[in-house]
Amino acid sequence: MPNATARGYQVGVLKETTFGTTPASPLQLMRTTSAAIKVASSFVESEEIQLYEVPDLIRVSADGTFEINGEYSYGAFHTLLEGIFANTWTTNVLSVGSTKTSFTIEDQYTDATKFLPGKGCLVESIAVSLQQGSKITFKITGRIGVVPTAYAGATAGTGAATAAGTNAILSPIASIQLLQEGGSLDLKGVGVTQFNFEFSRPGIAQPQLGSLSLSGLDPSTFVAKGSASLYVPTTGASALLDKYLGDTATSLAATLGGASNLKDAYLWNQVKFTDGGIAPVGRGQACIQSFQWQARYDATNTTCKITRTP
């Protein structure tokens, strides 16, 4: 039997209807650049004093986590966005909710016929990175409610997995349709060099006696943060520094994808710059201003609203 390699590695995802139970459906494969389920165990030593050596090691807990990294394409992680938003897409709009959404996430080592399923998974963070000269990438992390205790010889899903999507990987040039501040300022037009955003929602883990699996795992507070860097122009973007210094609320919007379809439009309607300023300037360098920002609750659009155009 061959050893497992990256060539045969796959990640399958399936939204659960009952926490910790895989539905009788095929898993959906994801396009990834790297991924892994990890189980971190905690051990204590026996303190019996009869020997001059450690007489035993006792496992007292285990913490299951997952990480999925990939290149941004339309629909690549729409389902997992439902997890961190604790809501479902409604008429192609996703806003922040409070309904726990869990998943079965499975590492599949197909060339070795080994499967490692994590059940009752909550998404705890989704980060998207837009950097000048680089691909648009994402990173997704979370916690596992039902910790796997052994490899399986078959997938946790029912039937063959659904193939991963084939939409084009987004370009950092042609696929950034909109980067906007304050409802009117086109950040692309004033020389933005990076724009990153992250959604985080830590799970409230409830460990228990008698089992490595959690008694409960529930979503906590949704937080949206990010950063942006751009040149210091004579007009326009200089207002960002004024808003930071003046503690003035604003808005941010980003649309990633095709010009007319297959695009995701992100809106943060209530934003404050929490840190910022102009970086030290050296000889032969352009002046760069960088900002950290955080969104807050908006009665109409929640902390963030995403509109997809399929």
# chains A, B, ... in the order shown; residues from 1 in each chain; ligands from 1

$ residues_around --residues "Lys243 (chain A)" --least-positions-apart "2" --cutoff "12 Å" --atoms "only C-alpha atoms" --output "list in words"
Glu181, Gly182, Gly236, Ala237, Ser238, Ala239, Leu240, Leu241, Leu245, Gly246, Asp247, Thr248, Ala249, Thr250, Ser251, Val271, Lys272, Phe273, Thr274, Asp275, Gly276, Gly277, Phe291 and Trp293 of chain A

$ residues_around --residues "Ser61 (chain A)" --least-positions-apart "3" --cutoff "7 Å" --atoms "only C-alpha atoms" --output "mmCIF file with C-alpha atoms, in the first residue's frame"
data_model
loop_
_atom_site.group_PDB
_atom_site.id
_atom_site.type_symbol
_atom_site.label_atom_id
_atom_site.label_comp_id
_atom_site.auth_asym_id
_atom_site.auth_seq_id
_atom_site.Cartn_x
_atom_site.Cartn_y
_atom_site.Cartn_z
ATOM 1 C CA SER A 41 -3.634 16.075 23.893
ATOM 2 C CA SER A 42 -2.807 17.039 27.450
ATOM 3 C CA LEU A 212 -12.660 13.607 24.883
#

$ select_by_dssp --residues "region 107-288 of chain A" --states "alpha helix (DSSP H)" --output "MDAnalysis selection string"
chainID A and resid 238:245

$ write_last_selection --atoms "all heavy atoms" --output "short mmCIF file (atom, residue, chain, number, x, y, z; two decimals), in the first residue's frame"
data_model
loop_
_atom_site.label_atom_id
_atom_site.label_comp_id
_atom_site.auth_asym_id
_atom_site.auth_seq_id
_atom_site.Cartn_x
_atom_site.Cartn_y
_atom_site.Cartn_z
N SER A 238 -6.11 61.07 2.04
CA SER A 238 -5.63 61.74 3.25
C SER A 238 -6.75 61.86 4.28
O SER A 238 -6.50 62.02 5.47
CB SER A 238 -5.09 63.12 2.89
OG SER A 238 -6.09 63.90 2.26
N ALA A 239 -8.01 61.75 3.81
CA ALA A 239 -9.15 61.82 4.74
C ALA A 239 -9.17 60.64 5.70
O ALA A 239 -9.74 60.74 6.79
CB ALA A 239 -10.45 61.88 3.95
N LEU A 240 -8.56 59.51 5.32
CA LEU A 240 -8.54 58.35 6.21
C LEU A 240 -7.78 58.68 7.49
O LEU A 240 -8.22 58.31 8.59
CB LEU A 240 -7.92 57.14 5.52
CG LEU A 240 -8.86 56.27 4.69
CD1 LEU A 240 -9.45 57.02 3.52
CD2 LEU A 240 -8.16 55.01 4.23
N LEU A 241 -6.65 59.36 7.35
CA LEU A 241 -5.89 59.73 8.53
C LEU A 241 -6.67 60.73 9.37
O LEU A 241 -6.66 60.65 10.61
CB LEU A 241 -4.53 60.31 8.14
CG LEU A 241 -3.58 60.64 9.31
CD1 LEU A 241 -3.31 59.40 10.15
CD2 LEU A 241 -2.27 61.22 8.78
N ASP A 242 -7.37 61.64 8.73
CA ASP A 242 -8.20 62.60 9.47
C ASP A 242 -9.29 61.87 10.25
O ASP A 242 -9.59 62.23 11.41
CB ASP A 242 -8.85 63.60 8.51
CG ASP A 242 -7.83 64.54 7.87
OD1 ASP A 242 -6.72 64.67 8.43
OD2 ASP A 242 -8.15 65.11 6.82
N LYS A 243 -9.87 60.84 9.65
CA LYS A 243 -10.93 60.10 10.35
C LYS A 243 -10.37 59.30 11.51
O LYS A 243 -11.03 59.16 12.55
CB LYS A 243 -11.68 59.19 9.36
CG LYS A 243 -12.55 59.98 8.39
CD LYS A 243 -13.32 59.10 7.43
CE LYS A 243 -14.20 59.95 6.53
NZ LYS A 243 -14.96 59.16 5.55
N TYR A 244 -9.17 58.77 11.35
CA TYR A 244 -8.54 58.08 12.47
C TYR A 244 -8.25 59.05 13.61
O TYR A 244 -8.59 58.80 14.77
CB TYR A 244 -7.26 57.39 12.01
CG TYR A 244 -6.37 56.96 13.16
CD1 TYR A 244 -6.83 56.06 14.12
CD2 TYR A 244 -5.08 57.47 13.30
CE1 TYR A 244 -6.03 55.67 15.18
CE2 TYR A 244 -4.28 57.09 14.35
CZ TYR A 244 -4.75 56.20 15.29
OH TYR A 244 -3.97 55.83 16.34
N LEU A 245 -7.63 60.19 13.29
CA LEU A 245 -7.27 61.17 14.33
C LEU A 245 -8.50 61.75 14.99
O LEU A 245 -8.50 62.04 16.19
CB LEU A 245 -6.41 62.27 13.71
CG LEU A 245 -5.04 61.82 13.18
CD1 LEU A 245 -4.36 62.98 12.47
CD2 LEU A 245 -4.17 61.28 14.29
#

$ closest_residue --among "A:Gly75, A:Gly64, A:Pro117, A:Pro310" --to "Gln10 (chain A)" --atoms "only C-alpha atoms"
A:Pro117

$ closest_atom_pairs --of "region 58-97 of chain A" --to "region 133-146 of chain A" --cutoff "6 Å" --atoms "only C-alpha atoms" --output "Markdown table"
| residue | atom | partner | partner_atom | distance |
| --- | --- | --- | --- | --- |
| A:Gly64 | CA | A:Ile144 | CA | 4.9 |
| A:Thr65 | CA | A:Arg143 | CA | 4.3 |
| A:Phe66 | CA | A:Gly142 | CA | 5.4 |
| A:Glu67 | CA | A:Thr141 | CA | 4.4 |
| A:Ile68 | CA | A:Ile140 | CA | 5.1 |
| A:Asn69 | CA | A:Lys139 | CA | 4.5 |
| A:Gly70 | CA | A:Phe138 | CA | 5.4 |
| A:Glu71 | CA | A:Thr137 | CA | 4.4 |
| A:Tyr72 | CA | A:Thr137 | CA | 5.2 |

$ write_last_selection --atoms "N, CA, C and O atoms" --output "PDB file, in the first residue's frame"
ATOM      1  N   GLY A  64      -9.381  19.415  19.694  1.00  0.00           N
ATOM      2  CA  GLY A  64      -9.374  19.209  18.260  1.00  0.00           C
ATOM      3  C   GLY A  64      -9.580  20.513  17.507  1.00  0.00           C
ATOM      4  O   GLY A  64     -10.501  21.274  17.814  1.00  0.00           O
ATOM      5  N   THR A  65      -8.729  20.785  16.528  1.00  0.00           N
ATOM      6  CA  THR A  65      -8.836  21.990  15.720  1.00  0.00           C
ATOM      7  C   THR A  65      -8.628  21.632  14.247  1.00  0.00           C
ATOM      8  O   THR A  65      -8.122  20.558  13.923  1.00  0.00           O
ATOM      9  N   PHE A  66      -9.008  22.557  13.364  1.00  0.00           N
ATOM     10  CA  PHE A  66      -8.754  22.368  11.941  1.00  0.00           C
ATOM     11  C   PHE A  66      -8.296  23.680  11.328  1.00  0.00           C
ATOM     12  O   PHE A  66      -8.582  24.762  11.840  1.00  0.00           O
ATOM     13  N   GLU A  67      -7.582  23.572  10.218  1.00  0.00           N
ATOM     14  CA  GLU A  67      -7.111  24.731   9.464  1.00  0.00           C
ATOM     15  C   GLU A  67      -7.200  24.403   7.979  1.00  0.00           C
ATOM     16  O   GLU A  67      -6.807  23.315   7.550  1.00  0.00           O
ATOM     17  N   ILE A  68      -7.729  25.346   7.203  1.00  0.00           N
ATOM     18  CA  ILE A  68      -7.856  25.180   5.757  1.00  0.00           C
ATOM     19  C   ILE A  68      -7.338  26.445   5.097  1.00  0.00           C
ATOM     20  O   ILE A  68      -7.813  27.550   5.385  1.00  0.00           O
ATOM     21  N   ASN A  69      -6.364  26.309   4.212  1.00  0.00           N
ATOM     22  CA  ASN A  69      -5.805  27.436   3.471  1.00  0.00           C
ATOM     23  C   ASN A  69      -6.070  27.244   1.990  1.00  0.00           C
ATOM     24  O   ASN A  69      -6.022  26.120   1.482  1.00  0.00           O
ATOM     25  N   GLY A  70      -6.327  28.363   1.292  1.00  0.00           N
ATOM     26  CA  GLY A  70      -6.597  28.234  -0.128  1.00  0.00           C
ATOM     27  C   GLY A  70      -6.491  29.544  -0.866  1.00  0.00           C
ATOM     28  O   GLY A  70      -6.247  30.610  -0.278  1.00  0.00           O
ATOM     29  N   GLU A  71      -6.666  29.450  -2.179  1.00  0.00           N
ATOM     30  CA  GLU A  71      -6.685  30.608  -3.057  1.00  0.00           C
ATOM     31  C   GLU A  71      -8.142  30.953  -3.346  1.00  0.00           C
ATOM     32  O   GLU A  71      -8.960  30.062  -3.603  1.00  0.00           O
ATOM     33  N   TYR A  72      -8.458  32.237  -3.301  1.00  0.00           N
ATOM     34  CA  TYR A  72      -9.850  32.682  -3.379  1.00  0.00           C
ATOM     35  C   TYR A  72     -10.418  32.436  -4.780  1.00  0.00           C
ATOM     36  O   TYR A  72      -9.898  32.904  -5.776  1.00  0.00           O
TER      37      TYR A  72
END

$ select_by_dssp --residues "region 29-270 of chain A" --states "strand (DSSP E)" --output "ChimeraX atom specification"
/A:29-30,34-45,57-71,93-95,103-109,114-131,137-146,176-181,185-186,192-200,203-206,216-219,223-231,250-257,263-270

$ closest_residue --among "A:Ala6, A:Ala228, A:Val93, A:Leu262" --to "Thr309 (chain A)" --atoms "only C-alpha atoms"
A:Leu262

$ residues_around --residues "Pro219 (chain A)" --least-positions-apart "4" --cutoff "8 Å" --atoms "only C-alpha atoms" --output "number ranges by chain"
A: 84, 86, 98, 100, 122, 201-204

$ write_last_selection --atoms "all heavy atoms" --output "compact mmCIF listing (two decimals), in the first residue's frame"
# COMPACT_ATOMS: atom_id res chain seq x y z
N ILE A 84 -19.44 30.81 10.46
CA ILE A 84 -18.95 31.88 11.32
C ILE A 84 -19.99 32.99 11.47
O ILE A 84 -20.04 33.68 12.50
CB ILE A 84 -17.61 32.43 10.81
CG1 ILE A 84 -16.90 33.19 11.94
CG2 ILE A 84 -17.78 33.29 9.57
CD1 ILE A 84 -15.44 33.38 11.71
N ALA A 86 -23.13 32.32 11.62
CA ALA A 86 -24.23 31.68 12.35
C ALA A 86 -25.56 32.04 11.71
O ALA A 86 -26.52 32.44 12.37
CB ALA A 86 -24.21 32.06 13.84
N SER A 98 -27.46 34.21 14.80
CA SER A 98 -27.18 33.56 16.09
C SER A 98 -27.53 32.07 16.08
O SER A 98 -27.62 31.46 17.14
CB SER A 98 -27.96 34.27 17.21
OG SER A 98 -29.35 34.26 16.93
N LYS A 100 -26.53 28.41 15.58
CA LYS A 100 -25.31 27.60 15.51
C LYS A 100 -25.33 26.73 14.26
O LYS A 100 -26.31 26.02 13.99
CB LYS A 100 -25.15 26.73 16.76
CG LYS A 100 -23.90 25.86 16.74
CD LYS A 100 -23.60 25.25 18.08
CE LYS A 100 -24.55 24.15 18.47
NZ LYS A 100 -24.13 23.47 19.71
N LEU A 122 -17.01 23.90 14.55
CA LEU A 122 -17.42 25.30 14.44
C LEU A 122 -16.30 26.10 13.79
O LEU A 122 -15.13 25.95 14.14
CB LEU A 122 -17.72 25.91 15.82
CG LEU A 122 -19.05 25.60 16.50
CD1 LEU A 122 -19.27 26.60 17.64
CD2 LEU A 122 -20.23 25.62 15.55
N ARG A 201 -14.99 34.40 15.50
CA ARG A 201 -16.09 34.08 16.42
C ARG A 201 -15.68 32.85 17.22
O ARG A 201 -16.03 31.72 16.86
CB ARG A 201 -17.38 33.82 15.64
CG ARG A 201 -18.63 33.85 16.49
CD ARG A 201 -19.88 33.87 15.61
NE ARG A 201 -21.03 34.38 16.34
CZ ARG A 201 -22.16 34.77 15.76
NH1 ARG A 201 -22.30 34.69 14.45
NH2 ARG A 201 -23.16 35.23 16.49
N PRO A 202 -14.93 33.05 18.30
CA PRO A 202 -14.44 31.90 19.06
C PRO A 202 -15.59 31.04 19.57
O PRO A 202 -16.65 31.54 19.96
CB PRO A 202 -13.68 32.54 20.23
CG PRO A 202 -13.34 33.92 19.73
CD PRO A 202 -14.46 34.32 18.85
N GLY A 203 -15.36 29.73 19.56
CA GLY A 203 -16.35 28.83 20.11
C GLY A 203 -16.27 28.79 21.63
O GLY A 203 -15.20 28.91 22.22
N ILE A 204 -17.42 28.64 22.25
CA ILE A 204 -17.48 28.46 23.71
C ILE A 204 -17.44 26.96 23.98
O ILE A 204 -18.45 26.26 23.89
CB ILE A 204 -18.75 29.10 24.30
CG1 ILE A 204 -18.82 30.58 23.93
CG2 ILE A 204 -18.78 28.92 25.81
CD1 ILE A 204 -20.13 31.25 24.31

$ closest_residue --among "A:Ile169, A:Ala62, A:Leu81, A:Ile105" --to "Leu27 (chain A)" --atoms "only C-alpha atoms"
A:Ile105

$ closest_residue --among "A:Val11, A:Val147, A:Glu47, A:Val96" --to "Glu82 (chain A)" --atoms "only C-alpha atoms"
A:Val96

$ closest_residue --among "A:Ala254, A:Lys263, A:Ile278, A:Ser95" --to "Pro233 (chain A)" --atoms "only C-alpha atoms"
A:Ile278

$ atom_distance --atom1 "CA of Gln289 (chain A)" --atom2 "CA of Glu198 (chain A)"
20.0 Å

$ residues_around --residues "Ser260 (chain A)" --least-positions-apart "3" --cutoff "12 Å" --atoms "only C-alpha atoms" --output "VMD selection string"
chain A and resid 175 177 255 to 257 263 to 265 308 to 310

$ write_last_selection --atoms "N, CA, C and O atoms" --output "mmCIF file, in the first residue's frame"
data_model
loop_
_atom_site.group_PDB
_atom_site.id
_atom_site.type_symbol
_atom_site.label_atom_id
_atom_site.label_comp_id
_atom_site.auth_asym_id
_atom_site.auth_seq_id
_atom_site.Cartn_x
_atom_site.Cartn_y
_atom_site.Cartn_z
ATOM 1 N N SER A 175 -9.748 41.024 -10.539
ATOM 2 C CA SER A 175 -10.878 40.530 -9.747
ATOM 3 C C SER A 175 -11.253 41.422 -8.576
ATOM 4 O O SER A 175 -12.210 41.120 -7.866
ATOM 5 N N GLN A 177 -13.072 44.258 -7.848
ATOM 6 C CA GLN A 177 -14.004 45.155 -8.513
ATOM 7 C C GLN A 177 -14.233 46.442 -7.740
ATOM 8 O O GLN A 177 -14.504 47.493 -8.335
ATOM 9 N N THR A 255 -15.605 44.338 -3.209
ATOM 10 C CA THR A 255 -16.256 43.385 -4.106
ATOM 11 C C THR A 255 -15.173 42.612 -4.844
ATOM 12 O O THR A 255 -14.329 43.199 -5.524
ATOM 13 N N LEU A 256 -15.215 41.280 -4.693
ATOM 14 C CA LEU A 256 -14.193 40.410 -5.267
ATOM 15 C C LEU A 256 -14.854 39.443 -6.237
ATOM 16 O O LEU A 256 -15.823 38.763 -5.884
ATOM 17 N N GLY A 257 -14.346 39.389 -7.469
ATOM 18 C CA GLY A 257 -14.867 38.447 -8.442
ATOM 19 C C GLY A 257 -15.013 39.051 -9.812
ATOM 20 O O GLY A 257 -14.325 40.006 -10.167
ATOM 21 N N LYS A 263 -19.354 36.969 -8.077
ATOM 22 C CA LYS A 263 -18.631 37.917 -7.242
ATOM 23 C C LYS A 263 -19.259 37.973 -5.852
ATOM 24 O O LYS A 263 -20.437 37.686 -5.661
ATOM 25 N N ASP A 264 -18.424 38.343 -4.864
ATOM 26 C CA ASP A 264 -18.852 38.519 -3.478
ATOM 27 C C ASP A 264 -18.662 39.985 -3.105
ATOM 28 O O ASP A 264 -17.552 40.516 -3.232
ATOM 29 N N ALA A 265 -19.731 40.622 -2.631
ATOM 30 C CA ALA A 265 -19.672 42.022 -2.214
ATOM 31 C C ALA A 265 -19.780 42.088 -0.693
ATOM 32 O O ALA A 265 -20.804 41.710 -0.116
ATOM 33 N N ARG A 308 -23.783 37.896 -2.651
ATOM 34 C CA ARG A 308 -23.115 37.149 -3.724
ATOM 35 C C ARG A 308 -23.944 37.232 -5.004
ATOM 36 O O ARG A 308 -25.160 37.307 -4.973
ATOM 37 N N THR A 309 -23.257 37.231 -6.125
ATOM 38 C CA THR A 309 -23.921 37.266 -7.435
ATOM 39 C C THR A 309 -23.497 36.031 -8.216
ATOM 40 O O THR A 309 -22.406 35.990 -8.782
ATOM 41 N N PRO A 310 -24.344 34.999 -8.191
ATOM 42 C CA PRO A 310 -23.978 33.738 -8.838
ATOM 43 C C PRO A 310 -24.136 33.840 -10.364
ATOM 44 O O PRO A 310 -24.685 34.784 -10.882
#

$ decode --residues "region 71-82 of chain A" --atoms "all heavy atoms" --output "CSV table (one decimal), in the first residue's frame"
chain,number,residue,atom,x,y,z
A,71,GLU,N,-6.7,29.5,-2.2
A,71,GLU,CA,-6.7,30.6,-3.1
A,71,GLU,C,-8.1,31.0,-3.3
A,71,GLU,O,-9.0,30.1,-3.6
A,71,GLU,CB,-5.9,30.3,-4.3
A,71,GLU,CG,-4.5,30.0,-4.1
A,71,GLU,CD,-3.8,29.2,-5.2
A,71,GLU,OE1,-4.5,28.6,-6.0
A,71,GLU,OE2,-2.6,29.2,-5.2
A,72,TYR,N,-8.5,32.2,-3.3
A,72,TYR,CA,-9.8,32.7,-3.4
A,72,TYR,C,-10.4,32.4,-4.8
A,72,TYR,O,-9.9,32.9,-5.8
A,72,TYR,CB,-9.9,34.2,-3.0
A,72,TYR,CG,-11.3,34.7,-2.6
A,72,TYR,CD1,-11.4,35.3,-1.4
A,72,TYR,CD2,-12.4,34.6,-3.5
A,72,TYR,CE1,-12.7,35.9,-1.0
A,72,TYR,CE2,-13.6,35.1,-3.1
A,72,TYR,CZ,-13.8,35.7,-1.9
A,72,TYR,OH,-15.0,36.2,-1.5
A,73,SER,N,-11.5,31.7,-4.8
A,73,SER,CA,-12.3,31.6,-6.0
A,73,SER,C,-13.8,31.7,-5.6
A,73,SER,O,-14.1,31.4,-4.4
A,73,SER,CB,-12.1,30.2,-6.8
A,73,SER,OG,-12.4,29.1,-5.9
A,74,TYR,N,-14.6,32.1,-6.5
A,74,TYR,CA,-16.0,32.3,-6.2
A,74,TYR,C,-16.6,31.0,-5.7
A,74,TYR,O,-16.5,29.9,-6.3
A,74,TYR,CB,-16.8,32.8,-7.4
A,74,TYR,CG,-18.3,33.0,-7.1
A,74,TYR,CD1,-18.7,34.1,-6.4
A,74,TYR,CD2,-19.2,32.0,-7.4
A,74,TYR,CE1,-20.1,34.3,-6.1
A,74,TYR,CE2,-20.6,32.2,-7.1
A,74,TYR,CZ,-21.0,33.3,-6.4
A,74,TYR,OH,-22.3,33.5,-6.1
A,75,GLY,N,-17.3,31.0,-4.5
A,75,GLY,CA,-17.9,29.9,-3.9
A,75,GLY,C,-17.0,28.9,-3.2
A,75,GLY,O,-17.4,27.9,-2.7
A,76,ALA,N,-15.7,29.3,-3.1
A,76,ALA,CA,-14.7,28.4,-2.4
A,76,ALA,C,-15.1,28.1,-1.0
A,76,ALA,O,-14.8,27.0,-0.5
A,76,ALA,CB,-13.3,29.0,-2.5
A,77,PHE,N,-15.7,29.1,-0.3
A,77,PHE,CA,-16.0,28.8,1.1
A,77,PHE,C,-17.3,29.5,1.6
A,77,PHE,O,-17.5,29.8,2.7
A,77,PHE,CB,-14.9,29.3,2.1
A,77,PHE,CG,-14.4,30.7,1.8
A,77,PHE,CD1,-15.0,31.8,2.5
A,77,PHE,CD2,-13.4,31.0,0.9
A,77,PHE,CE1,-14.5,33.1,2.3
A,77,PHE,CE2,-13.0,32.3,0.6
A,77,PHE,CZ,-13.6,33.4,1.3
A,78,HIS,N,-18.3,29.6,0.6
A,78,HIS,CA,-19.6,30.1,1.0
A,78,HIS,C,-20.3,29.4,2.1
A,78,HIS,O,-20.9,30.0,3.0
A,78,HIS,CB,-20.5,30.1,-0.3
A,78,HIS,CG,-20.2,31.2,-1.2
A,78,HIS,ND1,-20.8,31.3,-2.5
A,78,HIS,CD2,-19.5,32.4,-1.1
A,78,HIS,CE1,-20.4,32.4,-3.1
A,78,HIS,NE2,-19.6,33.0,-2.3
A,79,THR,N,-20.2,28.0,2.1
A,79,THR,CA,-20.8,27.2,3.1
A,79,THR,C,-20.2,27.5,4.5
A,79,THR,O,-20.9,27.6,5.5
A,79,THR,CB,-20.8,25.7,2.8
A,79,THR,OG1,-21.4,25.5,1.5
A,79,THR,CG2,-21.4,24.9,3.9
A,80,LEU,N,-18.9,27.6,4.5
A,80,LEU,CA,-18.2,27.8,5.8
A,80,LEU,C,-18.5,29.2,6.3
A,80,LEU,O,-18.4,29.5,7.5
A,80,LEU,CB,-16.7,27.5,5.7
A,80,LEU,CG,-16.4,26.1,5.4
A,80,LEU,CD1,-14.9,25.9,5.3
A,80,LEU,CD2,-16.9,25.2,6.6
A,81,LEU,N,-18.7,30.2,5.4
A,81,LEU,CA,-19.2,31.5,5.9
A,81,LEU,C,-20.4,31.5,6.7
A,81,LEU,O,-20.6,32.2,7.7
A,81,LEU,CB,-19.3,32.5,4.7
A,81,LEU,CG,-18.1,33.1,4.1
A,81,LEU,CD1,-18.4,33.7,2.8
A,81,LEU,CD2,-17.5,34.1,5.0
A,82,GLU,N,-21.3,30.6,6.4
A,82,GLU,CA,-22.6,30.4,7.1
A,82,GLU,C,-22.2,30.0,8.6
A,82,GLU,O,-22.9,30.3,9.5
A,82,GLU,CB,-23.5,29.3,6.5
A,82,GLU,CG,-24.1,29.7,5.2
A,82,GLU,CD,-25.1,28.7,4.7
A,82,GLU,OE1,-24.9,27.5,5.0
A,82,GLU,OE2,-26.0,29.0,3.9
